[in-house]
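Okay, work11.tsv is below, TSV, C-alpha atoms:
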chain	number	residue	atom	x	y	z
A	26	MET	CA	-54.21	68.78	-111.12
A	27	ALA	CA	-50.66	70.14	-111.23
A	28	LEU	CA	-48.12	69.74	-114.03
A	29	TYR	CA	-44.43	69.10	-113.23
A	30	ARG	CA	-41.24	68.65	-115.25
A	31	VAL	CA	-38.13	66.85	-113.94
A	32	LEU	CA	-35.25	69.38	-113.92
A	33	ASP	CA	-32.60	67.20	-112.27
A	34	ALA	CA	-32.37	63.58	-111.19
A	35	ASN	CA	-29.70	61.76	-109.21
A	36	GLY	CA	-30.63	58.21	-108.28
A	37	GLN	CA	-34.01	58.48	-106.61
A	38	GLY	CA	-33.63	62.20	-105.85
A	39	ILE	CA	-35.49	64.50	-108.23
A	40	MET	CA	-35.88	68.25	-108.65
A	41	LEU	CA	-39.24	69.21	-110.12
A	42	VAL	CA	-40.52	72.51	-111.49
A	43	ASP	CA	-44.27	73.11	-111.70
A	44	ALA	CA	-46.24	75.05	-114.32
A	45	VAL	CA	-45.91	78.24	-112.26
A	46	GLY	CA	-42.10	77.92	-112.05
A	47	ARG	CA	-41.82	76.81	-108.41
A	48	ARG	CA	-39.18	74.19	-107.61
A	49	HIS	CA	-39.68	71.13	-105.43
A	50	VAL	CA	-37.31	68.42	-104.17
A	51	ALA	CA	-38.73	64.90	-104.04
A	52	ARG	CA	-37.61	61.30	-103.66
A	53	ALA	CA	-38.92	58.71	-106.13
A	54	LEU	CA	-40.05	55.46	-104.49
A	55	HIS	CA	-39.25	53.41	-107.61
A	56	ASP	CA	-36.85	53.65	-110.54
A	57	ALA	CA	-35.27	57.03	-111.26
A	58	LEU	CA	-37.21	59.44	-113.48
A	59	PRO	CA	-35.51	60.86	-116.58
A	60	VAL	CA	-34.68	64.56	-116.80
A	61	GLY	CA	-37.34	66.30	-118.87
A	62	ALA	CA	-40.14	63.88	-117.96
A	63	GLU	CA	-43.56	65.54	-117.60
A	64	LEU	CA	-45.68	64.45	-114.66
A	65	HIS	CA	-49.24	65.21	-113.54
A	66	GLY	CA	-50.57	64.99	-110.01
A	67	PRO	CA	-51.91	66.78	-106.96
A	68	ARG	CA	-50.61	70.16	-105.87
A	69	PRO	CA	-47.28	69.89	-104.04
A	70	LEU	CA	-47.45	69.31	-100.30
A	71	PRO	CA	-44.76	67.79	-98.06
A	72	GLY	CA	-45.12	64.03	-97.95
A	73	PHE	CA	-46.35	61.21	-100.18
A	74	ALA	CA	-47.95	61.77	-103.60
A	75	ILE	CA	-48.72	59.76	-106.71
A	76	LEU	CA	-47.78	61.43	-109.99
A	77	SER	CA	-48.57	60.18	-113.48
A	78	ASP	CA	-45.94	60.20	-116.24
A	79	ALA	CA	-47.58	62.11	-119.10
A	80	SER	CA	-45.97	60.05	-121.88
A	81	SER	CA	-46.18	56.51	-120.51
A	82	ARG	CA	-49.15	56.90	-118.11
A	83	ARG	CA	-46.99	55.10	-115.51
A	84	LEU	CA	-47.80	55.97	-111.90
A	85	CYS	CA	-44.86	57.39	-109.96
A	86	ARG	CA	-44.85	57.32	-106.18
A	87	VAL	CA	-42.85	60.20	-104.69
A	88	ILE	CA	-42.23	61.90	-101.38
A	89	PHE	CA	-42.07	65.69	-101.60
A	90	GLU	CA	-39.25	66.64	-99.21
A	91	GLN	CA	-39.08	70.38	-99.97
A	92	VAL	CA	-41.89	72.39	-101.53
A	93	ASP	CA	-41.52	75.78	-103.25
A	94	CYS	CA	-37.75	75.94	-102.74
A	95	GLY	CA	-37.07	78.90	-105.00
A	96	ASP	CA	-33.93	79.28	-107.06
A	97	GLY	CA	-31.67	78.51	-104.08
A	98	ALA	CA	-32.84	74.90	-103.86
A	99	PRO	CA	-30.14	72.25	-103.55
A	100	SER	CA	-29.67	69.81	-106.39
A	101	ALA	CA	-31.72	66.65	-106.08
A	102	GLY	CA	-28.62	64.55	-105.46
A	103	SER	CA	-27.02	66.75	-102.80
A	104	ARG	CA	-30.23	66.95	-100.77
A	105	LEU	CA	-30.95	63.24	-100.72
A	106	GLN	CA	-27.57	61.52	-100.37
Structure rendered as structure tokens:
Amino acid sequence: MALYRVLDANGQGIMLVDAVGRRHVARALHDALPVGAELHGPRPLPGFAILSDASSRRLCRVIFEQVDCGDGAPSAGSRLQ
């Protein structure tokens, strides 16, 4: 199980950082997630995943669009608009 934190959110586009410090760009398939939200789920792979919001236990469906982007990753909004 991987731990993620939302670093940036713009509409449905989100930038996540995992517990190791790697950054990932994803698209939420529901309402936008707040910056700072902590999520749990499977290790990041391109494609569909279900993450769980640590505080509300709400399930969040996302599509990982870029995995392990490094520090040069685009902002969530610029990548997905």
For region 54-66 of chain A, take all atoms listed in the file, fit an axis-aligned box around them, add 5 Å to each of the six sides, then output centre and edge lengths in Å rounded to one decimal, as JSON.
{"center_x": -42.6, "center_y": 59.9, "center_z": -111.7, "size_x": 25.9, "size_y": 22.9, "size_z": 24.4}
### Message
With 9 Å as the threshold, what does the neighbourhood of (-43.8, 74.0, -100.9) contain in terms of residues, counting all atoms listed in the file? Coordinates are those of the file; answer as an MDAnalysis selection string.
### Response
chainID A and resid 47:49 69:71 89:94
Please produce, as CSV, a per-residue contact table for region 60-100 of chain A versus region 31-40 of chain A (criterion: any atom at most 8 Å away, only C-alpha atoms considered), showing the nearest atom pair and its distance in Å to one decimal, sorted by chain then residue number.
residue,atom,partner,partner_atom,distance
A:Val60,CA,A:Val31,CA,5.0
A:Gly61,CA,A:Val31,CA,5.0
A:Ala62,CA,A:Val31,CA,5.4
A:Glu63,CA,A:Val31,CA,6.7
A:Leu64,CA,A:Val31,CA,8.0
A:Ser100,CA,A:Met40,CA,6.8
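If you look at CA of Gly46 (chain A) and CA of Leu84 (chain A), they are 22.7 Å away from each other.
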### Task
Go through A:Val50, A:Val45, A:His55, A:Tyr29 one by one, measure the shortest atom-to-atom distance of each to Asp78 (chain A) using all atoms listed in the file, and give the residue with the smallest value.
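Selected residue with least distance to Asp78 (chain A): A:Tyr29.
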### Query
Separation of CA of Met26 (chain A) and CA of Ala57 (chain A), in Å?
22.3 Å
### Query
To one decimal place, how far is CA of Cys85 (chain A) from CA of Leu54 (chain A) in Å?
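One can read the CA of Cys85 (chain A) to CA of Leu54 (chain A) distance as 7.5 Å.
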Complete the atoms of region 61-96 of chain A to N, CA and C atoms and put them out as a PDB file, keeping the file's coordinate frame.
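Saved as rebuild.pdb:
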ATOM      1  N   GLY A  61     -36.434  65.880-117.805  1.00  0.00           N
ATOM      2  CA  GLY A  61     -37.340  66.300-118.870  1.00  0.00           C
ATOM      3  C   GLY A  61     -38.693  65.630-118.839  1.00  0.00           C
ATOM      4  N   ALA A  62     -38.849  64.573-118.035  1.00  0.00           N
ATOM      5  CA  ALA A  62     -40.140  63.880-117.960  1.00  0.00           C
ATOM      6  C   ALA A  62     -41.224  64.836-117.459  1.00  0.00           C
ATOM      7  N   GLU A  63     -42.412  64.746-118.042  1.00  0.00           N
ATOM      8  CA  GLU A  63     -43.560  65.540-117.600  1.00  0.00           C
ATOM      9  C   GLU A  63     -44.470  64.661-116.768  1.00  0.00           C
ATOM     10  N   LEU A  64     -44.861  65.194-115.614  1.00  0.00           N
ATOM     11  CA  LEU A  64     -45.680  64.450-114.660  1.00  0.00           C
ATOM     12  C   LEU A  64     -46.912  65.269-114.298  1.00  0.00           C
ATOM     13  N   HIS A  65     -48.010  64.581-114.011  1.00  0.00           N
ATOM     14  CA  HIS A  65     -49.240  65.210-113.540  1.00  0.00           C
ATOM     15  C   HIS A  65     -49.572  64.653-112.177  1.00  0.00           C
ATOM     16  N   GLY A  66     -50.164  65.479-111.319  1.00  0.00           N
ATOM     17  CA  GLY A  66     -50.570  64.990-110.010  1.00  0.00           C
ATOM     18  C   GLY A  66     -51.159  66.085-109.156  1.00  0.00           C
ATOM     19  N   PRO A  67     -51.329  65.801-107.870  1.00  0.00           N
ATOM     20  CA  PRO A  67     -51.910  66.780-106.960  1.00  0.00           C
ATOM     21  C   PRO A  67     -50.944  67.940-106.719  1.00  0.00           C
ATOM     22  N   ARG A  68     -51.479  69.017-106.183  1.00  0.00           N
ATOM     23  CA  ARG A  68     -50.610  70.160-105.870  1.00  0.00           C
ATOM     24  C   ARG A  68     -49.553  69.712-104.863  1.00  0.00           C
ATOM     25  N   PRO A  69     -48.384  70.349-104.886  1.00  0.00           N
ATOM     26  CA  PRO A  69     -47.280  69.890-104.040  1.00  0.00           C
ATOM     27  C   PRO A  69     -47.498  70.209-102.562  1.00  0.00           C
ATOM     28  N   LEU A  70     -47.398  69.195-101.749  1.00  0.00           N
ATOM     29  CA  LEU A  70     -47.450  69.310-100.300  1.00  0.00           C
ATOM     30  C   LEU A  70     -46.373  68.381 -99.743  1.00  0.00           C
ATOM     31  N   PRO A  71     -45.752  68.710 -98.624  1.00  0.00           N
ATOM     32  CA  PRO A  71     -44.760  67.790 -98.060  1.00  0.00           C
ATOM     33  C   PRO A  71     -45.382  66.422 -97.803  1.00  0.00           C
ATOM     34  N   GLY A  72     -44.651  65.380 -98.183  1.00  0.00           N
ATOM     35  CA  GLY A  72     -45.120  64.030 -97.950  1.00  0.00           C
ATOM     36  C   GLY A  72     -45.390  63.268 -99.241  1.00  0.00           C
ATOM     37  N   PHE A  73     -46.105  62.166 -99.102  1.00  0.00           N
ATOM     38  CA  PHE A  73     -46.350  61.210-100.180  1.00  0.00           C
ATOM     39  C   PHE A  73     -47.325  61.746-101.233  1.00  0.00           C
ATOM     40  N   ALA A  74     -47.037  61.431-102.502  1.00  0.00           N
ATOM     41  CA  ALA A  74     -47.950  61.770-103.600  1.00  0.00           C
ATOM     42  C   ALA A  74     -47.770  60.745-104.722  1.00  0.00           C
ATOM     43  N   ILE A  75     -48.794  60.600-105.521  1.00  0.00           N
ATOM     44  CA  ILE A  75     -48.720  59.760-106.710  1.00  0.00           C
ATOM     45  C   ILE A  75     -48.839  60.679-107.921  1.00  0.00           C
ATOM     46  N   LEU A  76     -47.800  60.645-108.771  1.00  0.00           N
ATOM     47  CA  LEU A  76     -47.780  61.430-109.990  1.00  0.00           C
ATOM     48  C   LEU A  76     -47.888  60.487-111.177  1.00  0.00           C
ATOM     49  N   SER A  77     -48.414  60.979-112.269  1.00  0.00           N
ATOM     50  CA  SER A  77     -48.570  60.180-113.480  1.00  0.00           C
ATOM     51  C   SER A  77     -47.629  60.716-114.555  1.00  0.00           C
ATOM     52  N   ASP A  78     -46.829  59.828-115.145  1.00  0.00           N
ATOM     53  CA  ASP A  78     -45.940  60.200-116.240  1.00  0.00           C
ATOM     54  C   ASP A  78     -46.813  60.487-117.456  1.00  0.00           C
ATOM     55  N   ALA A  79     -46.707  61.689-118.009  1.00  0.00           N
ATOM     56  CA  ALA A  79     -47.580  62.110-119.100  1.00  0.00           C
ATOM     57  C   ALA A  79     -47.408  61.274-120.361  1.00  0.00           C
ATOM     58  N   SER A  80     -46.197  60.789-120.635  1.00  0.00           N
ATOM     59  CA  SER A  80     -45.970  60.050-121.880  1.00  0.00           C
ATOM     60  C   SER A  80     -46.311  58.566-121.767  1.00  0.00           C
ATOM     61  N   SER A  81     -45.976  57.952-120.634  1.00  0.00           N
ATOM     62  CA  SER A  81     -46.180  56.510-120.510  1.00  0.00           C
ATOM     63  C   SER A  81     -47.419  56.142-119.677  1.00  0.00           C
ATOM     64  N   ARG A  82     -48.004  57.119-119.019  1.00  0.00           N
ATOM     65  CA  ARG A  82     -49.150  56.900-118.110  1.00  0.00           C
ATOM     66  C   ARG A  82     -48.764  56.059-116.887  1.00  0.00           C
ATOM     67  N   ARG A  83     -47.476  55.842-116.676  1.00  0.00           N
ATOM     68  CA  ARG A  83     -46.990  55.100-115.510  1.00  0.00           C
ATOM     69  C   ARG A  83     -47.213  55.926-114.252  1.00  0.00           C
ATOM     70  N   LEU A  84     -47.639  55.282-113.178  1.00  0.00           N
ATOM     71  CA  LEU A  84     -47.800  55.970-111.900  1.00  0.00           C
ATOM     72  C   LEU A  84     -46.465  56.004-111.182  1.00  0.00           C
ATOM     73  N   CYS A  85     -46.136  57.171-110.637  1.00  0.00           N
ATOM     74  CA  CYS A  85     -44.860  57.390-109.960  1.00  0.00           C
ATOM     75  C   CYS A  85     -45.131  57.814-108.526  1.00  0.00           C
ATOM     76  N   ARG A  86     -44.695  56.989-107.592  1.00  0.00           N
ATOM     77  CA  ARG A  86     -44.850  57.320-106.180  1.00  0.00           C
ATOM     78  C   ARG A  86     -43.652  58.156-105.754  1.00  0.00           C
ATOM     79  N   VAL A  87     -43.921  59.315-105.146  1.00  0.00           N
ATOM     80  CA  VAL A  87     -42.850  60.200-104.690  1.00  0.00           C
ATOM     81  C   VAL A  87     -43.142  60.713-103.286  1.00  0.00           C
ATOM     82  N   ILE A  88     -42.094  61.176-102.640  1.00  0.00           N
ATOM     83  CA  ILE A  88     -42.230  61.900-101.380  1.00  0.00           C
ATOM     84  C   ILE A  88     -41.674  63.294-101.604  1.00  0.00           C
ATOM     85  N   PHE A  89     -42.529  64.311-101.509  1.00  0.00           N
ATOM     86  CA  PHE A  89     -42.070  65.690-101.600  1.00  0.00           C
ATOM     87  C   PHE A  89     -41.339  66.016-100.297  1.00  0.00           C
ATOM     88  N   GLU A  90     -40.043  66.332-100.404  1.00  0.00           N
ATOM     89  CA  GLU A  90     -39.250  66.640 -99.210  1.00  0.00           C
ATOM     90  C   GLU A  90     -39.111  68.132 -98.991  1.00  0.00           C
ATOM     91  N   GLN A  91     -39.091  68.917-100.061  1.00  0.00           N
ATOM     92  CA  GLN A  91     -39.080  70.380 -99.970  1.00  0.00           C
ATOM     93  C   GLN A  91     -40.047  70.898-101.027  1.00  0.00           C
ATOM     94  N   VAL A  92     -40.892  71.835-100.627  1.00  0.00           N
ATOM     95  CA  VAL A  92     -41.890  72.390-101.530  1.00  0.00           C
ATOM     96  C   VAL A  92     -41.630  73.885-101.697  1.00  0.00           C
ATOM     97  N   ASP A  93     -41.711  74.357-102.925  1.00  0.00           N
ATOM     98  CA  ASP A  93     -41.520  75.780-103.250  1.00  0.00           C
ATOM     99  C   ASP A  93     -40.181  76.281-102.724  1.00  0.00           C
ATOM    100  N   CYS A  94     -39.110  75.662-103.216  1.00  0.00           N
ATOM    101  CA  CYS A  94     -37.750  75.940-102.740  1.00  0.00           C
ATOM    102  C   CYS A  94     -37.170  77.229-103.275  1.00  0.00           C
ATOM    103  N   GLY A  95     -37.669  77.727-104.375  1.00  0.00           N
ATOM    104  CA  GLY A  95     -37.070  78.900-105.000  1.00  0.00           C
ATOM    105  C   GLY A  95     -35.822  78.520-105.766  1.00  0.00           C
ATOM    106  N   ASP A  96     -35.115  79.526-106.250  1.00  0.00           N
ATOM    107  CA  ASP A  96     -33.930  79.280-107.060  1.00  0.00           C
ATOM    108  C   ASP A  96     -32.748  78.780-106.241  1.00  0.00           C
TER     109      ASP A  96
END
